>>> print(open('protein-v9.txt').read())   # compact mmCIF, C-alpha atoms (C1' of nucleotides)
# COMPACT_ATOMS: atom_id res chain seq x y z
CA MET A 1 80.88 10.00 -58.02
CA ALA A 2 82.09 13.25 -56.50
CA ASN A 3 79.78 14.34 -53.73
CA GLY A 4 80.48 18.05 -53.78
CA ASN A 5 81.78 18.16 -50.19
CA ALA A 6 85.22 19.16 -49.05
CA VAL A 7 84.71 16.58 -46.36
CA HIS A 8 85.41 13.44 -48.34
CA GLN A 9 83.66 10.74 -46.43
CA GLN A 10 81.09 8.14 -47.23
CA GLU A 11 79.16 8.89 -44.06
CA PRO A 12 75.75 10.57 -44.06
CA ALA A 13 77.04 14.12 -43.38
CA LEU A 14 73.95 15.83 -42.01
CA THR A 15 73.21 19.53 -42.23
CA ILE A 16 72.70 21.51 -39.07
CA ALA A 17 68.95 21.53 -39.68
CA GLN A 18 68.86 17.76 -39.84
CA VAL A 19 70.88 17.43 -36.64
CA ALA A 20 68.65 19.98 -34.94
CA GLU A 21 65.61 17.93 -35.82
CA ARG A 22 67.15 14.64 -34.71
CA THR A 23 68.48 15.93 -31.39
CA GLY A 24 65.81 18.47 -30.53
CA LEU A 25 68.50 21.12 -30.08
CA SER A 26 68.16 24.42 -31.93
CA HIS A 27 70.57 25.57 -34.64
CA ASP A 28 71.81 28.20 -32.25
CA THR A 29 72.39 25.70 -29.47
CA LEU A 30 74.33 23.43 -31.80
CA ARG A 31 76.58 26.29 -32.82
CA TYR A 32 76.84 27.36 -29.17
CA TYR A 33 77.94 23.86 -28.13
CA GLU A 34 80.66 23.97 -30.75
CA ARG A 35 81.86 27.39 -29.61
CA ALA A 36 81.69 26.23 -26.01
CA GLY A 37 83.99 23.33 -26.78
CA LEU A 38 81.46 20.55 -26.18
CA ILE A 39 81.94 19.23 -29.68
CA GLU A 40 85.07 19.46 -31.76
CA ARG A 41 84.92 21.65 -34.81
CA VAL A 42 82.56 19.88 -37.13
CA GLY A 43 83.40 19.23 -40.81
CA ARG A 44 82.51 21.91 -43.35
CA THR A 45 81.65 22.08 -47.01
CA THR A 46 83.88 24.15 -49.29
CA GLY A 47 81.37 26.92 -48.62
CA ASN A 48 81.98 26.69 -44.84
CA GLN A 49 78.67 25.10 -43.95
CA ARG A 50 78.59 22.41 -41.27
CA ARG A 51 78.17 18.76 -42.18
CA TYR A 52 77.77 16.46 -39.20
CA ALA A 53 79.10 12.91 -39.41
CA ALA A 54 77.34 9.98 -37.73
CA ALA A 55 79.96 10.07 -34.98
CA ASP A 56 79.15 13.73 -34.25
CA LEU A 57 75.50 12.83 -33.86
CA ALA A 58 76.28 9.94 -31.53
CA TRP A 59 78.45 12.17 -29.38
CA LEU A 60 75.75 14.84 -29.28
CA GLU A 61 73.26 12.26 -28.15
CA PHE A 62 75.54 11.21 -25.33
CA LEU A 63 76.04 14.85 -24.38
CA LEU A 64 72.27 15.14 -24.18
CA ARG A 65 72.16 12.32 -21.63
CA LEU A 66 74.73 14.20 -19.57
CA ARG A 67 72.77 17.42 -19.88
CA GLU A 68 69.47 15.75 -19.02
CA THR A 69 71.08 14.36 -15.90
CA GLY A 70 72.10 17.84 -14.85
CA MET A 71 75.75 18.05 -15.86
CA SER A 72 76.86 21.65 -16.34
CA ILE A 73 78.28 22.98 -19.58
CA SER A 74 81.68 23.44 -17.99
CA ASP A 75 81.80 19.84 -16.77
CA MET A 76 80.70 18.61 -20.18
CA ARG A 77 83.50 20.68 -21.66
CA ARG A 78 86.00 19.08 -19.29
CA TYR A 79 84.77 15.67 -20.33
CA ALA A 80 84.86 16.58 -24.02
CA ARG A 81 88.44 17.80 -23.72
CA LEU A 82 89.55 14.61 -22.03
CA ARG A 83 87.86 12.64 -24.79
CA ALA A 84 89.59 14.74 -27.45
CA ALA A 85 92.92 14.18 -25.71
CA GLY A 86 92.68 10.47 -26.38
CA GLY A 87 93.08 7.11 -24.68
CA ALA A 88 95.43 8.23 -21.91
CA THR A 89 92.52 10.05 -20.29
CA LEU A 90 90.31 6.98 -19.98
CA THR A 91 90.67 6.71 -16.22
CA ASP A 92 89.93 10.40 -15.77
CA ARG A 93 86.81 10.10 -17.86
CA LEU A 94 85.78 7.00 -15.98
CA ALA A 95 86.20 8.87 -12.70
CA MET A 96 84.05 11.72 -13.97
CA LEU A 97 81.33 9.37 -15.13
CA ARG A 98 81.35 7.46 -11.85
CA ALA A 99 81.09 10.67 -9.84
CA HIS A 100 78.28 11.86 -12.04
CA ARG A 101 76.52 8.52 -11.80
CA ASP A 102 76.74 8.56 -8.02
CA GLU A 103 75.43 12.09 -7.83
CA LEU A 104 72.61 11.12 -10.15
CA ALA A 105 71.69 8.15 -7.96
CA ARG A 106 71.60 10.45 -4.98
CA ARG A 107 69.37 12.92 -6.81
CA ILE A 108 66.98 10.24 -8.00
CA HIS A 109 66.72 9.09 -4.40
CA VAL A 110 65.87 12.60 -3.21
CA LEU A 111 63.30 12.99 -5.97
CA GLN A 112 61.66 9.74 -4.99
CA GLY A 113 61.45 10.94 -1.40
CA ASN A 114 59.88 14.16 -2.56
CA ALA A 115 57.47 12.25 -4.77
CA GLY A 116 56.35 10.48 -1.61
CA VAL A 117 55.76 13.80 0.14
CA LEU A 118 53.72 14.98 -2.83
CA ASP A 119 51.69 11.79 -2.77
CA SER A 120 50.81 12.28 0.90
CA LYS A 121 49.81 15.86 0.25
CA ILE A 122 47.66 14.78 -2.67
CA LYS A 123 45.97 12.10 -0.57
CA HIS A 124 45.38 14.64 2.16
CA TYR A 125 43.73 17.03 -0.29
CA GLU A 126 41.60 14.24 -1.70
CA THR A 127 40.33 13.44 1.77
CA LEU A 128 39.58 17.09 2.48
CA ILE A 129 37.63 17.43 -0.74
CA ASP A 130 35.66 14.24 -0.08
CA GLN A 131 34.69 15.47 3.35
CA GLN A 132 33.41 18.76 2.00
CA PRO A 133 31.63 17.71 -1.19
CA ARG A 134 30.32 21.11 -2.29
CA MET B 135 55.27 37.63 30.97
CA ALA B 136 55.42 40.04 28.04
CA ASN B 137 57.62 38.68 25.27
CA GLY B 138 58.63 41.94 23.64
CA ASN B 139 57.12 41.09 20.28
CA ALA B 140 54.38 42.89 18.41
CA VAL B 141 53.40 39.48 17.14
CA HIS B 142 51.57 38.21 20.22
CA GLN B 143 51.70 34.48 19.85
CA GLN B 144 52.88 31.64 21.96
CA GLU B 145 54.60 30.01 18.97
CA PRO B 146 58.39 29.82 18.63
CA ALA B 147 58.78 32.89 16.35
CA LEU B 148 62.14 32.26 14.76
CA THR B 149 64.47 34.94 13.46
CA ILE B 150 65.50 34.91 9.82
CA ALA B 151 68.90 33.51 10.80
CA GLN B 152 67.29 30.57 12.56
CA VAL B 153 65.03 29.85 9.60
CA ALA B 154 67.99 30.12 7.24
CA GLU B 155 69.85 27.55 9.25
CA ARG B 156 66.89 25.16 9.50
CA THR B 157 65.97 25.36 5.81
CA GLY B 158 69.38 25.78 4.26
CA LEU B 159 68.14 28.86 2.42
CA SER B 160 70.12 32.09 2.69
CA HIS B 161 68.75 35.22 4.35
CA ASP B 162 68.59 36.83 0.93
CA THR B 163 66.68 33.93 -0.54
CA LEU B 164 64.17 34.00 2.30
CA ARG B 165 63.56 37.70 1.73
CA TYR B 166 63.43 37.10 -2.01
CA TYR B 167 60.79 34.39 -1.58
CA GLU B 168 58.70 36.80 0.44
CA ARG B 169 59.01 39.53 -2.19
CA ALA B 170 58.28 37.00 -4.91
CA GLY B 171 55.02 36.08 -3.23
CA LEU B 172 55.98 32.52 -2.30
CA ILE B 173 55.32 33.20 1.35
CA GLU B 174 52.86 35.66 2.76
CA ARG B 175 54.29 38.61 4.58
CA VAL B 176 55.81 37.17 7.68
CA GLY B 177 55.13 38.63 11.14
CA ARG B 178 57.38 41.41 12.40
CA THR B 179 58.58 42.73 15.72
CA THR B 180 57.78 46.33 16.61
CA GLY B 181 61.19 47.09 15.13
CA ASN B 182 60.17 45.56 11.77
CA GLN B 183 62.29 42.46 12.02
CA ARG B 184 60.88 39.18 10.76
CA ARG B 185 59.71 36.51 13.17
CA TYR B 186 58.74 33.26 11.53
CA ALA B 187 56.00 31.15 13.09
CA ALA B 188 56.07 27.35 13.04
CA ALA B 189 53.50 27.39 10.23
CA ASP B 190 55.79 29.59 8.12
CA LEU B 191 58.60 27.11 8.56
CA ALA B 192 56.38 24.16 7.61
CA TRP B 193 55.24 25.97 4.48
CA LEU B 194 58.82 26.81 3.56
CA GLU B 195 59.76 23.20 3.94
CA PHE B 196 56.99 22.17 1.61
CA LEU B 197 58.08 24.85 -0.86
CA LEU B 198 61.53 23.33 -0.74
CA ARG B 199 60.12 19.98 -1.83
CA LEU B 200 58.47 21.72 -4.76
CA ARG B 201 61.67 23.51 -5.64
CA GLU B 202 63.79 20.37 -5.33
CA THR B 203 61.42 18.66 -7.71
CA GLY B 204 61.93 21.40 -10.24
CA MET B 205 58.85 23.59 -9.82
CA SER B 206 59.52 27.12 -11.08
CA ILE B 207 59.19 30.17 -8.89
CA SER B 208 56.20 31.37 -10.89
CA ASP B 209 54.37 28.06 -10.44
CA MET B 210 55.17 28.07 -6.75
CA ARG B 211 53.75 31.58 -6.61
CA ARG B 212 50.56 30.40 -8.32
CA TYR B 213 50.25 27.63 -5.79
CA ALA B 214 50.96 29.97 -2.89
CA ARG B 215 48.29 32.39 -4.08
CA LEU B 216 45.70 29.64 -4.32
CA ARG B 217 46.63 28.55 -0.84
CA ALA B 218 46.29 32.09 0.46
CA ALA B 219 42.90 32.37 -1.21
CA GLY B 220 41.55 29.63 1.02
CA GLY B 221 39.54 26.44 0.90
CA ALA B 222 37.65 27.15 -2.30
CA THR B 223 40.87 26.60 -4.23
CA LEU B 224 41.45 23.08 -2.95
CA THR B 225 40.61 21.41 -6.24
CA ASP B 226 42.86 23.79 -8.16
CA ARG B 227 45.72 23.08 -5.83
CA LEU B 228 45.05 19.38 -6.06
CA ALA B 229 45.17 19.61 -9.85
CA MET B 230 48.49 21.47 -9.72
CA LEU B 231 49.97 18.90 -7.36
CA ARG B 232 48.78 16.01 -9.49
CA ALA B 233 50.21 17.55 -12.64
CA HIS B 234 53.49 18.20 -10.89
CA ARG B 235 53.55 14.70 -9.47
CA ASP B 236 52.98 13.20 -12.92
CA GLU B 237 55.68 15.33 -14.46
CA LEU B 238 58.01 14.32 -11.66
CA ALA B 239 57.30 10.64 -12.27
CA ARG B 240 58.08 11.15 -15.92
CA ARG B 241 61.34 12.92 -15.10
CA ILE B 242 62.43 10.25 -12.64
CA HIS B 243 61.78 7.71 -15.35
CA VAL B 244 63.95 9.60 -17.84
CA LEU B 245 66.69 9.97 -15.25
CA GLN B 246 66.65 6.25 -14.57
CA GLY B 247 66.99 5.57 -18.28
CA ASN B 248 69.92 7.93 -18.46
CA ALA B 249 71.45 6.31 -15.41
CA GLY B 250 71.34 3.07 -17.37
CA VAL B 251 73.15 4.67 -20.30
CA LEU B 252 75.80 5.96 -17.92
CA ASP B 253 76.19 2.53 -16.39
CA SER B 254 76.81 0.97 -19.79
CA LYS B 255 79.34 3.61 -20.64
CA ILE B 256 81.08 3.07 -17.33
CA LYS B 257 81.18 -0.70 -17.87
CA HIS B 258 82.54 -0.12 -21.35
CA TYR B 259 85.33 2.08 -20.01
CA GLU B 260 86.15 -0.45 -17.31
CA THR B 261 86.56 -3.13 -19.94
CA LEU B 262 88.77 -0.90 -22.07
CA ILE B 263 90.98 -0.10 -19.12
CA ASP B 264 91.28 -3.76 -18.12
CA GLN B 265 92.31 -4.70 -21.61
CA GLN B 266 95.02 -2.10 -21.72
CA PRO B 267 96.47 -2.22 -18.23
CA ARG B 268 99.40 0.09 -18.79
C1' DG C 269 71.83 33.91 -63.56
C1' DT C 270 68.60 35.06 -60.15
C1' DA C 271 65.39 34.44 -56.31
C1' DG C 272 64.83 32.83 -51.86
C1' DG C 273 65.72 29.98 -48.21
C1' DA C 274 69.57 27.89 -45.44
C1' DC C 275 73.55 28.89 -43.38
C1' DC C 276 77.68 31.69 -41.55
C1' DT C 277 80.08 34.85 -37.75
C1' DG C 278 80.67 37.84 -33.74
C1' DG C 279 78.40 39.88 -30.43
C1' DA C 280 74.44 41.51 -27.79
C1' DG C 281 70.27 40.29 -25.22
C1' DT C 282 67.15 37.33 -22.24
C1' DG C 283 64.91 34.67 -18.34
C1' DT C 284 65.65 32.40 -14.13
C1' DG C 285 66.93 32.29 -9.55
C1' DC C 286 69.27 33.97 -6.80
C1' DT C 287 73.20 37.15 -4.53
C1' DC C 288 75.29 41.37 -3.30
C1' DC C 289 75.39 46.20 -2.01
C1' DA C 290 74.65 50.79 0.15
C1' DG C 291 72.87 53.12 3.50
C1' DG C 292 70.42 52.74 7.07
C1' DT C 293 67.68 50.79 11.79
C1' DC C 294 67.39 47.45 15.66
C1' DA C 295 68.74 44.71 19.59
C1' DA C 296 71.80 42.51 22.90
C1' DT C 297 75.94 43.41 25.66
C1' DT C 298 78.99 45.90 28.39
C1' DA D 299 75.08 55.28 26.18
C1' DA D 300 78.04 53.14 23.17
C1' DT D 301 79.41 49.28 20.55
C1' DT D 302 78.63 45.63 17.57
C1' DG D 303 76.37 42.35 15.10
C1' DA D 304 71.75 41.19 13.17
C1' DC D 305 68.47 42.88 10.40
C1' DC D 306 65.87 46.17 7.14
C1' DT D 307 64.77 48.09 2.11
C1' DG D 308 65.19 48.96 -2.84
C1' DG D 309 67.81 48.14 -6.42
C1' DA D 310 71.84 46.52 -8.99
C1' DG D 311 74.61 42.57 -10.40
C1' DC D 312 75.65 37.79 -11.55
C1' DA D 313 76.06 32.87 -13.52
C1' DC D 314 74.03 29.93 -16.48
C1' DA D 315 72.36 28.29 -20.74
C1' DC D 316 70.79 29.61 -24.16
C1' DT D 317 68.51 32.88 -27.95
C1' DC D 318 68.39 36.57 -31.07
C1' DC D 319 70.31 39.87 -34.31
C1' DA D 320 72.76 42.22 -38.17
C1' DG D 321 74.99 41.80 -42.01
C1' DG D 322 76.67 38.85 -44.91
C1' DT D 323 77.58 34.16 -47.91
C1' DC D 324 75.95 29.76 -49.90
C1' DC D 325 73.12 26.58 -52.38
C1' DT D 326 69.13 24.75 -54.72
C1' DA D 327 65.57 25.41 -57.98
C1' DC D 328 63.84 27.56 -61.68
>>> encode(input="protein-v9.txt", output="structure tokens")
Amino acid sequence: MANGNAVHQQEPALTIAQVAERTGLSHDTLRYYERAGLIERVGRTTGNQRRYAAADLAWLEFLLRLRETGMSISDMRRYARLRAAGGATLTDRLAMLRAHRDELARRIHVLQGNAGVLDSKIKHYETLIDQQPR
Amino acid sequence: MANGNAVHQQEPALTIAQVAERTGLSHDTLRYYERAGLIERVGRTTGNQRRYAAADLAWLEFLLRLRETGMSISDMRRYARLRAAGGATLTDRLAMLRAHRDELARRIHVLQGNAGVLDSKIKHYETLIDQQPR
DNA sequence: GTAGGACCTGGAGTGTGCTCCAGGTCAATT
DNA sequence: AATTGACCTGGAGCACACTCCAGGTCCTAC
């Protein structure tokens, strides 16, 4: 009946290795994110080893979306602190997300333009190679 | 009739400041790109100051597309060296561009997925804020 | 109860892509 | 010819986001 953890919860409680595998982040990066304030101090066993709850994993996965879309560590930290501060910061968080979303839309647009330039260059090269088939 | 330049060409021959302004790159970055082998040694005046030809500017602008789409300096250098090596490298360059184009398509796709996640989160926050309007 | 792998901390080190600096030369203006 | 701002070189420094390390503790299996 006892589960041997100081963290008394019925949730999965993953080890850092399991979280690393699920998120694709390294052990070091996970610890770095905690030090950097991107995730709140994660639960520990009596022996001081991390045990991640399902909610920690979900938050990490959202952080990964932010990171993949180019948000800096310091902006993610700002967001994380607002989140930790509770419901009163909802509008601030919403503003951050909207700004990030807009910036992302802009960047996708630029990338699509550049993809077009690449396509033309590729077509040009294909023509050159066809014309000089040796 | 003489133009005062060692580089005897009828082309514009821009100074580094003019190229910086047109490309948005800093003077230092332009010199760095030359040292890094992204651009071939640019023409100089008798006094050893850079004068960029129109072709240099066009190449820089293409490099900027590569950079904006996330190509690393070392890959850009590889590409630049192939280009400098002449027509026999056309197929190699084409292969590089195709690979980069494919990777770019993949990344745009991921970004669009993440944009969707952000949109849901934003909608969720909007609902929360509406429900608790004080 | 012991071996060996997983995990801990604080701090140093790394790769990338610039950016800045010192100590000079060059060029346009007066 | 003197001033002043633009430009030169080689090399050091920087911000970012990790990544690695030393020296230790913990935990699972036997």
>>> closest_residue(input="protein-v9.txt", among="A:Ala13, A:Leu63, A:Val19, A:Ala80", to="chain B", atoms="all atoms listed in the file")
A:Leu63
>>> closest_residue(input="protein-v9.txt", among="A:Ala99, A:Thr69, A:Ala54, A:Arg81", to="chain B", atoms="all atoms listed in the file")
A:Thr69
>>> residues_around(input="protein-v9.txt", residues="Leu82 in chain A", least_positions_apart="6", cutoff="12 Å", atoms="only C-alpha atoms (C1' of nucleotides)", output="VMD selection string")
chain A and resid 37 to 40 75 to 76 88 to 97
>>> residues_around(input="protein-v9.txt", residues="range 283-293 of chain C", least_positions_apart="4", cutoff="10 Å", atoms="all atoms listed in the file", output="list in words")
Ser160, Asp162, Thr163, Tyr166, Tyr167, Gly181, Asn182, Gln183, Ser206 and Ile207 of chain B; DC305, DC306, DT307, DG309, DA310, DG311, DC312, DA313, DC314 and DC316 of chain D
>>> closest_residue(input="protein-v9.txt", among="C:DA295, C:DA271, C:DT282, C:DC276", to="chain B", atoms="all atoms listed in the file")
C:DA295
>>> atom_distance(input="protein-v9.txt", atom1="C1' of DC324 in chain D", atom2="CA of Ala17 in chain A")
14.9 Å
>>> atom_distance(input="protein-v9.txt", atom1="CA of Thr15 in chain A", atom2="CA of Leu60 in chain A")
14.0 Å
>>> residues_around(input="protein-v9.txt", residues="DT297 in chain C", least_positions_apart="3", cutoff="12 Å", atoms="only C-alpha atoms (C1' of nucleotides)", output="PyMOL selection string")
chain D and resi 299-303
>>> atom_distance(input="protein-v9.txt", atom1="CA of Ala55 in chain A", atom2="CA of Gly86 in chain A")
15.4 Å
>>> interface_residues(input="protein-v9.txt", of="chain A", to="chain B", cutoff="12 Å", atoms="all atoms listed in the file", output="short mmCIF file (atom, residue, chain, number, x, y, z; two decimals) with C-alpha atoms, in the frame of the given file")
data_model
loop_
_atom_site.label_atom_id
_atom_site.label_comp_id
_atom_site.auth_asym_id
_atom_site.auth_seq_id
_atom_site.Cartn_x
_atom_site.Cartn_y
_atom_site.Cartn_z
CA GLU A 61 73.26 12.26 -28.15
CA PHE A 62 75.54 11.21 -25.33
CA LEU A 63 76.04 14.85 -24.38
CA LEU A 64 72.27 15.14 -24.18
CA ARG A 65 72.16 12.32 -21.63
CA LEU A 66 74.73 14.20 -19.57
CA ARG A 67 72.77 17.42 -19.88
CA GLU A 68 69.47 15.75 -19.02
CA THR A 69 71.08 14.36 -15.90
CA GLY A 70 72.10 17.84 -14.85
CA MET A 71 75.75 18.05 -15.86
CA ARG A 83 87.86 12.64 -24.79
CA GLY A 87 93.08 7.11 -24.68
CA ALA A 88 95.43 8.23 -21.91
CA THR A 89 92.52 10.05 -20.29
CA LEU A 90 90.31 6.98 -19.98
CA THR A 91 90.67 6.71 -16.22
CA ASP A 92 89.93 10.40 -15.77
CA ARG A 93 86.81 10.10 -17.86
CA LEU A 94 85.78 7.00 -15.98
CA ALA A 95 86.20 8.87 -12.70
CA MET A 96 84.05 11.72 -13.97
CA LEU A 97 81.33 9.37 -15.13
CA ARG A 98 81.35 7.46 -11.85
CA ALA A 99 81.09 10.67 -9.84
CA HIS A 100 78.28 11.86 -12.04
CA ARG A 101 76.52 8.52 -11.80
CA ASP A 102 76.74 8.56 -8.02
CA GLU A 103 75.43 12.09 -7.83
CA LEU A 104 72.61 11.12 -10.15
CA ALA A 105 71.69 8.15 -7.96
CA ARG A 106 71.60 10.45 -4.98
CA ARG A 107 69.37 12.92 -6.81
CA ILE A 108 66.98 10.24 -8.00
CA HIS A 109 66.72 9.09 -4.40
CA VAL A 110 65.87 12.60 -3.21
CA LEU A 111 63.30 12.99 -5.97
CA GLN A 112 61.66 9.74 -4.99
CA GLY A 113 61.45 10.94 -1.40
CA ASN A 114 59.88 14.16 -2.56
CA ALA A 115 57.47 12.25 -4.77
CA GLY A 116 56.35 10.48 -1.61
CA VAL A 117 55.76 13.80 0.14
CA LEU A 118 53.72 14.98 -2.83
CA ASP A 119 51.69 11.79 -2.77
CA SER A 120 50.81 12.28 0.90
CA LYS A 121 49.81 15.86 0.25
CA ILE A 122 47.66 14.78 -2.67
CA LYS A 123 45.97 12.10 -0.57
CA HIS A 124 45.38 14.64 2.16
CA TYR A 125 43.73 17.03 -0.29
CA GLU A 126 41.60 14.24 -1.70
CA THR A 127 40.33 13.44 1.77
CA LEU A 128 39.58 17.09 2.48
CA ILE A 129 37.63 17.43 -0.74
CA ASP A 130 35.66 14.24 -0.08
CA GLN A 131 34.69 15.47 3.35
CA GLN A 132 33.41 18.76 2.00
CA PRO A 133 31.63 17.71 -1.19
CA ARG A 134 30.32 21.11 -2.29
#
>>> residues_near_point(input="protein-v9.txt", point="(60.4, 31.8, -51.4)", cutoff="12 Å", atoms="only C-alpha atoms (C1' of nucleotides)", output="mmCIF file with C-alpha atoms (C1' of nucleotides), keeping the file's coordinate frame")
data_model
loop_
_atom_site.group_PDB
_atom_site.id
_atom_site.type_symbol
_atom_site.label_atom_id
_atom_site.label_comp_id
_atom_site.auth_asym_id
_atom_site.auth_seq_id
_atom_site.Cartn_x
_atom_site.Cartn_y
_atom_site.Cartn_z
ATOM 1 C "C1'" DA C 271 65.390 34.440 -56.310
ATOM 2 C "C1'" DG C 272 64.830 32.830 -51.860
ATOM 3 C "C1'" DG C 273 65.720 29.980 -48.210
ATOM 4 C "C1'" DA C 274 69.570 27.890 -45.440
ATOM 5 C "C1'" DT D 326 69.130 24.750 -54.720
ATOM 6 C "C1'" DA D 327 65.570 25.410 -57.980
ATOM 7 C "C1'" DC D 328 63.840 27.560 -61.680
#
>>> axis_aligned_box(input="protein-v9.txt", around="range 249-268 of chain B", padding_each_side="3 Å", output="AutoDock Vina command-line options")
--center_x 85.4 --center_y 0.8 --center_z -18.7 --size_x 34.1 --size_y 17.0 --size_z 12.7
>>> closest_residue(input="protein-v9.txt", among="A:Ala84, A:Ala58, A:Leu25, A:Ile16", to="chain C", atoms="all atoms listed in the file")
A:Ile16
